[in-house]
Amino acid sequence: MSVPARPFEHDGIAFGCDYNPEQWTPDVWDEDIALMRDAGVDLVAINIFGWAHIEPRAGEYDFSRLDDIVERLHTAGIRINLGTGTASTPAWLTTAHPEILPVVEDGTRRYPGGRQAWCPSSPVYREAALALVDAVAARYGSHPAIALWHVSNELGCHNALCHCDESAGAFREWLRARYGTVAEVNRAWGTAFWSQTYYEWDEILTPRATLSSRNPGHVLDFHRFSSDALLEHYRAEAEVIRARSEVPITTNFMVTAHIENLDYWSWAGDMDIVANDHYLDHRLGDPRSELAFAADLSRGLGQGAPWILMEHSTGAVNWQPLNTPKAPGEMIRNSLTHVARGADGVCFFQWRASVQGSEKFHSAMLPHAGTDSAVWREVVELGGIVDRIGEIAGSRVESDVALLFSWESWWASQSETRPSQSLGYLDQVHASYRALHANGLTVDVVAPGADLSAYRLVVVPGLHLMTEADAAVLTAWIAAGGTALITFSTAIVDENDRVYTGGYAGPLREALGLHIEEFAPVAPGLALTLTDGSTARLWSERSRTTTAEVAASFTDGPAEGMPALTRNIWGDGTAHYLATLLSDADYRDLVARLSAEAGVAPAAPIRPAAGDLEIVRRRGEGASYLFVINHGETDVRVDSDGLDLVTGAEVAGGITVPAGAVRIIREEAAA
Ligand code: GAL
């Protein structure tokens with residue numbers, strides 16, 4: 001049952017942080033709040049990990065310290081993003097009920113001492129958590145300082161996949177609701193294979209560690225179940241809050257590289273406003289392009305509505321193998337990239353750097369070095385900019401390009417046994433996005449099956465799992481005049497992970513005008529060359545065209561002489577197909593050609609061409625706002641007229657955006 005969204009209302013763009021005052025004494029709180037005001041902080045998340053503090057013993061609450069913090073923030077005019085406090089269980093709870101501890105795939109339990117040590121399907125955990133939420137909501141639900149509810153924290157960050165007996169029972173219930181009978185489960189998973197047939201519900205377990213590879217249909221459904229189990233938990237907390245408070249409710253998503261456990265397309269409709277946490281991942285080749293992708297996806301989850309960046313970092317994190325600080329100005333550029341891409345709030349983890357605990361080497365707004373630091377000065381500078389651009393809040397990002405993305409494809413494509421272990425779903429997604437980003441194009445990331453009528457160019461990178469219905473939406477959109485670029489490994493399996501036969505990409509086969517017979521992956525390190533001079537790697541395939549034209553073929557490798565890039569007229573539109581992973585430069589050039597053909601261009605003309613830039617337009621009621629974020633080392637010139645909200649300067653006939661700088665131009669209202 002869908003519940004009408006409660007709007008998150010805020011004066012301008014929210015600027016804030018996670019605040020963990022329980023790590024400090026009250027004299028520090030005074031300094032914190034004074035400095036928050038200096039920096040322009042106006043939205044603070046508290047009580048995220050508050051459980052052990054506010055419920056020291058089962059059913060015994062002590063809100064004295066939280067009351068104090070709430071009043072201090074309120075008096076300072078700082079609004080509160082109130083955590084329900086259920087993210088991390090207190091020791092008394094897991095001591096009394098060790099059965100709530102999660103079990104990993106080898107059947108061993110994980111112990112308390114970290115965080116999120118709870119099974120998403122545990123009724124004992126659920127009952128204790130909801131009692132806490134009720135107590136918190138009863139106490140603060142109508143407090144004027146509470147602007148937003150923050151349910152739990154990054155649900156599923158550590159505990160998404162639990163294999164305990166309670167989870168196995170809940171998984172069977174979930175399967176019963178989806179399939180009705182054991183026979184249908186057998187059919188969906190293809191258990192005729194390897195004598196895996198089930199006869200009774202109780203025979204079905206979670207996909208625990210096996211000696212050989214597991215049944216991929218089983219694994220896929222376990223992902224679906226696990227995402228739903230945590231969503232059910234979110235809903236249970238939200239329902240308790242709703243009975244006590246009118247304030248909007250959300251939780252912080254993890255739309256970021258490497259975290260694939262939740263299908264946020266199915267979650268997003270439950271959020272009063274989408275909120276995301278994003279950290280630059282330096283293990284990726286191009287972390288900045290991934291940032292832009294994550295921001296575009298966060299906006300897509302809210303169907304284009306403004307969202308909140310609930311956490312990011314001022315500098316280094318503490319959980320990558322090498323934790324790199326940000327270059328001068330990078331924090332401001334990254335923050336404003338999120339705003340450019342639709343965020344109406346910029347928040348950080350965390351306010352004051354911890355001196356103890358496992359996050360003591362994680363950056364913060366107020367670093368260990370204190371206010372005499374480059375990080376603090378940049379925080380204050382950003383606070384000033386966020387304040388000056390407040391009128392942008394509520395405006396929406398303009399885009400003519402969509403990229404189809406799905407968590408189900410991510411799950412299905414990373415099966416233990418697949419054509420190549422050297423390629424993952426995100427490799428293709430990120431490569432496609434990088435090519436769009438390098439062309440300065442703004443991209444909406446949308447779910448398969450979404451209405452595409454607003455777009456001129458649609459890119460479908462490796463959408464391994466595609467239903468016939470979603471394929472039909474895409475092919476109908478192409479036939480109506482759209483230009484699509486579809487890349488290899490798309491539409492290989494249906495919703496039950498069953499291969500479409502008769503030539504790969506089954507439901508797209510006719511629109512692509514191709515007969516794809518065999519995958520021919522290529523070892524890492526081997527380069528492929530195409531007849532148009534492009535270079536490629538990791539993948540090729542053996543196919544022939546039926547109605548498509550060949551734009552380039554493989555000159556070498558296991559698919560030598562066969563099509564690498566094709567183009568098929570389909571109705572009034574064109575379906576391009578790319579059967580390999582192009583080098584970044586060649587991919588960028590291909591997207592440049594296709595975008596010209598589709599009539600899409602960057603938000604404004606730039607000289608020299610895109611490169612290290614973000615150029616995005618948000619359109620509001622009375623005006624539009626052109627964001628130009630220059631990450632590069634050379635100045636760029638952008639055609640624009642209006643008022644630069646960052647510097648206050650008038651802009652007439654164009655603006656030079658210096659290397660490393662950001663300009664946000666309020667353009668003349670459209671006629
Ligand atoms: C997030 C989390 C925060 C903090 C942060 C560190 O995953 O929500 O509590 O741990 O990462 O980067």
# chains A, B, ... in the order shown; residues from 1 in each chain; ligands from 1
call {"tool": "select_by_dssp", "arguments": {"residues": "segment 2-228 of chain A", "states": "strand (DSSP E or B)", "output": "VMD selection string"}}
result
chain A and resid 14 to 18 43 to 46 57 60 79 to 83 103 109 146 to 150
call {"tool": "closest_atom_pairs", "arguments": {"of": "chain A", "to": "ligand 1", "cutoff": "8 Å", "atoms": "only C-alpha atoms and all ligand atoms", "output": "Markdown table"}}
result
| residue | atom | partner | partner_atom_place_in_ligand_line | distance |
| --- | --- | --- | --- | --- |
| A:Asp18 | CA | ligand 1 | 9 (O) | 7.9 |
| A:Ile48 | CA | ligand 1 | 9 (O) | 7.9 |
| A:Asn153 | CA | ligand 1 | 8 (O) | 5.8 |
| A:Glu154 | CA | ligand 1 | 8 (O) | 5.4 |
| A:Cys157 | CA | ligand 1 | 7 (O) | 6.9 |
| A:Asn252 | CA | ligand 1 | 8 (O) | 7.6 |
| A:Met254 | CA | ligand 1 | 7 (O) | 7.6 |
| A:Asp277 | CA | ligand 1 | 1 (C) | 6.9 |
| A:Tyr279 | CA | ligand 1 | 12 (O) | 6.8 |
| A:Glu311 | CA | ligand 1 | 8 (O) | 7.1 |
| A:His312 | CA | ligand 1 | 12 (O) | 7.2 |
| A:Ser313 | CA | ligand 1 | 12 (O) | 7.1 |
| A:Val317 | CA | ligand 1 | 12 (O) | 5.4 |
| A:Asn318 | CA | ligand 1 | 12 (O) | 6.8 |
| A:Trp319 | CA | ligand 1 | 12 (O) | 7.1 |
| A:Phe349 | CA | ligand 1 | 5 (C) | 5.9 |
| A:Gln350 | CA | ligand 1 | 4 (C) | 7.6 |
| A:Glu359 | CA | ligand 1 | 10 (O) | 7.0 |
| A:His362 | CA | ligand 1 | 6 (C) | 6.8 |
call {"tool": "closest_residue", "arguments": {"among": "A:Asp644, A:Glu633, A:Glu510, A:Glu55", "to": "Ile569 of chain A", "atoms": "only C-alpha atoms"}}
result
A:Glu510
call {"tool": "residues_around", "arguments": {"residues": "segment 586-592 of chain A", "least_positions_apart": "6", "cutoff": "10 Å", "atoms": "only C-alpha atoms", "output": "PyMOL selection string"}}
result
chain A and resi 431-441+457+459+485+532-536+565+578+598+600-601
call {"tool": "write_last_selection", "arguments": {"atoms": "N, CA, C and O atoms", "output": "mmCIF file, in the first residue's frame"}}
result
data_model
loop_
_atom_site.group_PDB
_atom_site.id
_atom_site.type_symbol
_atom_site.label_atom_id
_atom_site.label_comp_id
_atom_site.auth_asym_id
_atom_site.auth_seq_id
_atom_site.Cartn_x
_atom_site.Cartn_y
_atom_site.Cartn_z
ATOM 1 N N ALA A 431 31.835 2.350 -17.861
ATOM 2 C CA ALA A 431 32.484 2.713 -19.131
ATOM 3 C C ALA A 431 31.520 3.526 -20.002
ATOM 4 O O ALA A 431 31.911 4.532 -20.606
ATOM 5 N N SER A 432 30.277 3.101 -20.067
ATOM 6 C CA SER A 432 29.300 3.842 -20.880
ATOM 7 C C SER A 432 29.073 5.229 -20.311
ATOM 8 O O SER A 432 29.013 6.225 -21.036
ATOM 9 N N TYR A 433 28.950 5.265 -18.987
ATOM 10 C CA TYR A 433 28.708 6.561 -18.360
ATOM 11 C C TYR A 433 29.908 7.488 -18.573
ATOM 12 O O TYR A 433 29.737 8.680 -18.859
ATOM 13 N N ARG A 434 31.107 6.930 -18.450
ATOM 14 C CA ARG A 434 32.312 7.762 -18.657
ATOM 15 C C ARG A 434 32.302 8.396 -20.047
ATOM 16 O O ARG A 434 32.673 9.555 -20.209
ATOM 17 N N ALA A 435 31.870 7.604 -21.035
ATOM 18 C CA ALA A 435 31.854 8.120 -22.410
ATOM 19 C C ALA A 435 30.838 9.266 -22.539
ATOM 20 O O ALA A 435 31.091 10.261 -23.229
ATOM 21 N N LEU A 436 29.707 9.139 -21.873
ATOM 22 C CA LEU A 436 28.700 10.207 -21.900
ATOM 23 C C LEU A 436 29.220 11.434 -21.147
ATOM 24 O O LEU A 436 29.099 12.572 -21.596
ATOM 25 N N HIS A 437 29.803 11.167 -20.003
ATOM 26 C CA HIS A 437 30.309 12.216 -19.120
ATOM 27 C C HIS A 437 31.430 12.993 -19.815
ATOM 28 O O HIS A 437 31.484 14.223 -19.755
ATOM 29 N N ALA A 438 32.299 12.260 -20.507
ATOM 30 C CA ALA A 438 33.414 12.917 -21.191
ATOM 31 C C ALA A 438 32.914 13.812 -22.321
ATOM 32 O O ALA A 438 33.612 14.721 -22.758
ATOM 33 N N ASN A 439 31.704 13.558 -22.794
ATOM 34 C CA ASN A 439 31.108 14.417 -23.819
ATOM 35 C C ASN A 439 30.307 15.562 -23.198
ATOM 36 O O ASN A 439 29.640 16.310 -23.916
ATOM 37 N N GLY A 440 30.329 15.650 -21.884
ATOM 38 C CA GLY A 440 29.623 16.748 -21.209
ATOM 39 C C GLY A 440 28.117 16.578 -21.206
ATOM 40 O O GLY A 440 27.384 17.545 -20.965
ATOM 41 N N LEU A 441 27.640 15.364 -21.453
ATOM 42 C CA LEU A 441 26.190 15.159 -21.529
ATOM 43 C C LEU A 441 25.611 14.877 -20.150
ATOM 44 O O LEU A 441 26.228 14.187 -19.338
ATOM 45 N N LEU A 457 18.338 10.048 -26.672
ATOM 46 C CA LEU A 457 19.365 9.000 -26.742
ATOM 47 C C LEU A 457 19.233 8.133 -25.492
ATOM 48 O O LEU A 457 19.135 8.662 -24.381
ATOM 49 N N VAL A 459 21.025 4.755 -23.584
ATOM 50 C CA VAL A 459 22.164 3.841 -23.566
ATOM 51 C C VAL A 459 21.827 2.686 -22.631
ATOM 52 O O VAL A 459 21.332 2.897 -21.517
ATOM 53 N N LEU A 485 21.836 3.016 -27.908
ATOM 54 C CA LEU A 485 23.100 2.280 -27.965
ATOM 55 C C LEU A 485 22.986 1.161 -26.937
ATOM 56 O O LEU A 485 22.840 1.426 -25.735
ATOM 57 N N ASP A 532 37.478 0.212 -37.904
ATOM 58 C CA ASP A 532 37.480 1.684 -37.944
ATOM 59 C C ASP A 532 38.663 2.261 -37.173
ATOM 60 O O ASP A 532 38.746 3.466 -36.948
ATOM 61 N N GLY A 533 39.571 1.387 -36.733
ATOM 62 C CA GLY A 533 40.766 1.866 -36.033
ATOM 63 C C GLY A 533 40.613 1.895 -34.517
ATOM 64 O O GLY A 533 41.591 2.110 -33.799
ATOM 65 N N SER A 534 39.407 1.694 -34.020
ATOM 66 C CA SER A 534 39.206 1.699 -32.557
ATOM 67 C C SER A 534 39.904 0.507 -31.934
ATOM 68 O O SER A 534 40.067 -0.539 -32.579
ATOM 69 N N THR A 535 40.240 0.660 -30.653
ATOM 70 C CA THR A 535 40.766 -0.492 -29.920
ATOM 71 C C THR A 535 39.777 -0.860 -28.823
ATOM 72 O O THR A 535 39.017 -0.022 -28.328
ATOM 73 N N ALA A 536 39.817 -2.141 -28.481
ATOM 74 C CA ALA A 536 38.831 -2.647 -27.537
ATOM 75 C C ALA A 536 39.461 -3.763 -26.731
ATOM 76 O O ALA A 536 40.602 -4.172 -26.994
ATOM 77 N N LEU A 565 30.450 -3.346 -34.162
ATOM 78 C CA LEU A 565 29.552 -2.203 -33.968
ATOM 79 C C LEU A 565 28.575 -2.218 -35.134
ATOM 80 O O LEU A 565 28.996 -2.246 -36.293
ATOM 81 N N LEU A 578 26.949 -2.505 -29.659
ATOM 82 C CA LEU A 578 28.399 -2.552 -29.478
ATOM 83 C C LEU A 578 28.739 -3.879 -28.821
ATOM 84 O O LEU A 578 28.303 -4.155 -27.701
ATOM 85 N N ALA A 598 21.662 11.886 -32.636
ATOM 86 C CA ALA A 598 20.408 11.959 -31.889
ATOM 87 C C ALA A 598 20.016 13.397 -31.567
ATOM 88 O O ALA A 598 18.938 13.646 -31.021
ATOM 89 N N VAL A 600 21.639 15.490 -29.393
ATOM 90 C CA VAL A 600 21.817 15.886 -27.997
ATOM 91 C C VAL A 600 23.182 16.550 -27.839
ATOM 92 O O VAL A 600 24.137 16.223 -28.546
ATOM 93 N N ALA A 601 23.231 17.481 -26.900
ATOM 94 C CA ALA A 601 24.445 18.280 -26.732
ATOM 95 C C ALA A 601 24.602 18.619 -25.252
ATOM 96 O O ALA A 601 23.649 18.505 -24.487
#
call {"tool": "closest_atom_pairs", "arguments": {"of": "segment 55-102 of chain A", "to": "segment 110-114 of chain A", "cutoff": "9 Å", "atoms": "only C-alpha atoms", "output": "tab-separated table"}}
result
residue	atom	partner	partner_atom	distance
A:Ser88	CA	A:Gly114	CA	8.2
A:Thr89	CA	A:Pro112	CA	8.1
A:Pro90	CA	A:Pro112	CA	8.7
A:Ala91	CA	A:Pro112	CA	7.2
A:Thr94	CA	A:Pro112	CA	7.2
A:Pro98	CA	A:Tyr111	CA	8.6
A:Leu101	CA	A:Arg110	CA	6.3
A:Pro102	CA	A:Arg110	CA	5.7
call {"tool": "write_last_selection", "arguments": {"atoms": "N, CA and C atoms", "output": "compact mmCIF listing (two decimals), in the first residue's frame"}}
result
# COMPACT_ATOMS: atom_id res chain seq x y z
N SER A 88 22.69 0.06 15.21
CA SER A 88 23.66 -0.78 15.89
C SER A 88 23.10 -1.18 17.25
N THR A 89 23.04 -2.48 17.49
CA THR A 89 22.38 -2.99 18.70
C THR A 89 23.25 -2.80 19.94
N PRO A 90 22.63 -2.55 21.09
CA PRO A 90 23.40 -2.49 22.33
C PRO A 90 23.83 -3.89 22.78
N ALA A 91 24.91 -3.95 23.54
CA ALA A 91 25.45 -5.25 23.97
C ALA A 91 24.43 -6.03 24.79
N THR A 94 22.17 -8.23 22.40
CA THR A 94 22.74 -9.43 21.77
C THR A 94 23.23 -10.44 22.82
N PRO A 98 21.33 -13.85 21.60
CA PRO A 98 22.36 -14.06 20.55
C PRO A 98 21.76 -14.54 19.24
N LEU A 101 21.93 -12.37 16.05
CA LEU A 101 23.20 -12.11 15.33
C LEU A 101 23.16 -12.73 13.94
N PRO A 102 23.70 -12.04 12.95
CA PRO A 102 23.63 -12.55 11.57
C PRO A 102 24.56 -13.75 11.34
call {"tool": "closest_residue", "arguments": {"among": "A:Gln356, A:Ser212, A:Ser122, A:Ser406", "to": "Glu495 of chain A", "atoms": "only C-alpha atoms"}}
result
A:Ser406
call {"tool": "residues_around", "arguments": {"residues": "segment 66-68 of chain A", "least_positions_apart": "2", "cutoff": "9 Å", "atoms": "only C-alpha atoms", "output": "JSON, numbers by chain"}}
result
{"A": [22, 46, 47, 50, 53, 54, 62, 63, 64, 70, 71, 72, 73, 140]}
call {"tool": "write_last_selection", "arguments": {"atoms": "N, CA and C atoms", "output": "PDB file, in the first residue's frame"}}
result
ATOM      1  N   GLU A  22      27.740  11.973  21.475  1.00  0.00           N
ATOM      2  CA  GLU A  22      27.977  11.019  22.567  1.00  0.00           C
ATOM      3  C   GLU A  22      29.462  10.691  22.711  1.00  0.00           C
ATOM      4  N   ILE A  46      21.480  13.274  14.148  1.00  0.00           N
ATOM      5  CA  ILE A  46      21.919  12.779  15.466  1.00  0.00           C
ATOM      6  C   ILE A  46      21.198  11.474  15.790  1.00  0.00           C
ATOM      7  N   ASN A  47      21.689  10.825  16.806  1.00  0.00           N
ATOM      8  CA  ASN A  47      21.107   9.565  17.308  1.00  0.00           C
ATOM      9  C   ASN A  47      21.203   8.421  16.298  1.00  0.00           C
ATOM     10  N   GLY A  50      22.589   5.740  18.463  1.00  0.00           N
ATOM     11  CA  GLY A  50      22.268   6.160  19.828  1.00  0.00           C
ATOM     12  C   GLY A  50      21.726   5.088  20.756  1.00  0.00           C
ATOM     13  N   HIS A  53      22.954   4.390  24.228  1.00  0.00           N
ATOM     14  CA  HIS A  53      22.947   5.564  25.105  1.00  0.00           C
ATOM     15  C   HIS A  53      21.559   5.861  25.629  1.00  0.00           C
ATOM     16  N   ILE A  54      20.554   5.700  24.783  1.00  0.00           N
ATOM     17  CA  ILE A  54      19.209   6.108  25.222  1.00  0.00           C
ATOM     18  C   ILE A  54      18.415   4.950  25.815  1.00  0.00           C
ATOM     19  N   ASP A  62      16.702   6.579  28.764  1.00  0.00           N
ATOM     20  CA  ASP A  62      17.305   7.768  29.364  1.00  0.00           C
ATOM     21  C   ASP A  62      17.567   8.759  28.229  1.00  0.00           C
ATOM     22  N   PHE A  63      16.666   9.728  28.138  1.00  0.00           N
ATOM     23  CA  PHE A  63      16.785  10.683  27.030  1.00  0.00           C
ATOM     24  C   PHE A  63      17.483  11.978  27.450  1.00  0.00           C
ATOM     25  N   SER A  64      18.026  11.991  28.687  1.00  0.00           N
ATOM     26  CA  SER A  64      18.498  13.283  29.187  1.00  0.00           C
ATOM     27  C   SER A  64      19.541  13.917  28.255  1.00  0.00           C
ATOM     28  N   VAL A  70      19.231  18.059  21.538  1.00  0.00           N
ATOM     29  CA  VAL A  70      18.131  18.551  20.697  1.00  0.00           C
ATOM     30  C   VAL A  70      17.865  20.021  21.029  1.00  0.00           C
ATOM     31  N   GLU A  71      17.828  20.354  22.310  1.00  0.00           N
ATOM     32  CA  GLU A  71      17.532  21.748  22.689  1.00  0.00           C
ATOM     33  C   GLU A  71      18.657  22.689  22.273  1.00  0.00           C
ATOM     34  N   ARG A  72      19.877  22.245  22.436  1.00  0.00           N
ATOM     35  CA  ARG A  72      20.995  23.119  22.036  1.00  0.00           C
ATOM     36  C   ARG A  72      20.950  23.404  20.534  1.00  0.00           C
ATOM     37  N   LEU A  73      20.702  22.381  19.753  1.00  0.00           N
ATOM     38  CA  LEU A  73      20.658  22.585  18.298  1.00  0.00           C
ATOM     39  C   LEU A  73      19.478  23.485  17.944  1.00  0.00           C
ATOM     40  N   TYR A 140      10.080  12.857  20.451  1.00  0.00           N
ATOM     41  CA  TYR A 140      10.526  13.976  19.599  1.00  0.00           C
ATOM     42  C   TYR A 140       9.665  14.199  18.361  1.00  0.00           C
TER      43      TYR A 140
END
call {"tool": "closest_residue", "arguments": {"among": "A:Ala364, A:Ala170, A:Leu538, A:Val255", "to": "Ser422 of chain A", "atoms": "only C-alpha atoms"}}
result
A:Leu538
call {"tool": "closest_residue", "arguments": {"among": "A:Phe519, A:Trp351, A:Phe293, A:Tyr577", "to": "Ile33 of chain A", "atoms": "only C-alpha atoms"}}
result
A:Trp351
call {"tool": "select_by_dssp", "arguments": {"residues": "segment 379-582 of chain A", "states": "alpha helix (DSSP H)", "output": "ChimeraX atom specification"}}
result
/A:379-388,407-413,425-438,468-479,509-512
call {"tool": "residues_around", "arguments": {"residues": "Glu200 of chain A", "least_positions_apart": "3", "cutoff": "9 Å", "atoms": "only C-alpha atoms", "output": "PyMOL selection string"}}
result
chain A and resi 182+203-204
call {"tool": "closest_residue", "arguments": {"among": "A:Phe8, A:Phe361, A:Phe405, A:Phe222", "to": "Ser298 of chain A", "atoms": "only C-alpha atoms"}}
result
A:Phe405
call {"tool": "residues_around", "arguments": {"residues": "Val44 of chain A", "least_positions_apart": "3", "cutoff": "6 Å", "atoms": "only C-alpha atoms", "output": "list of chain:residue names"}}
result
A:Gly16, A:Cys17, A:Asp18, A:Ile80, A:Asn81
call {"tool": "closest_residue", "arguments": {"among": "A:Asp202, A:Glu518, A:Asp344, A:Asp494", "to": "Val386 of chain A", "atoms": "only C-alpha atoms"}}
result
A:Asp344
call {"tool": "residues_around", "arguments": {"residues": "segment 647-656 of chain A", "least_positions_apart": "6", "cutoff": "10 Å", "atoms": "only C-alpha atoms", "output": "list in words"}}
result
Ile385, Arg388, Pro605, Ile606, Arg607, Val628, Asp635, Val636, Arg637, Val638, Asp639, Ser640, Asp641, Val662, Arg663, Ile664, Ile665, Arg666 and Glu667 of chain A
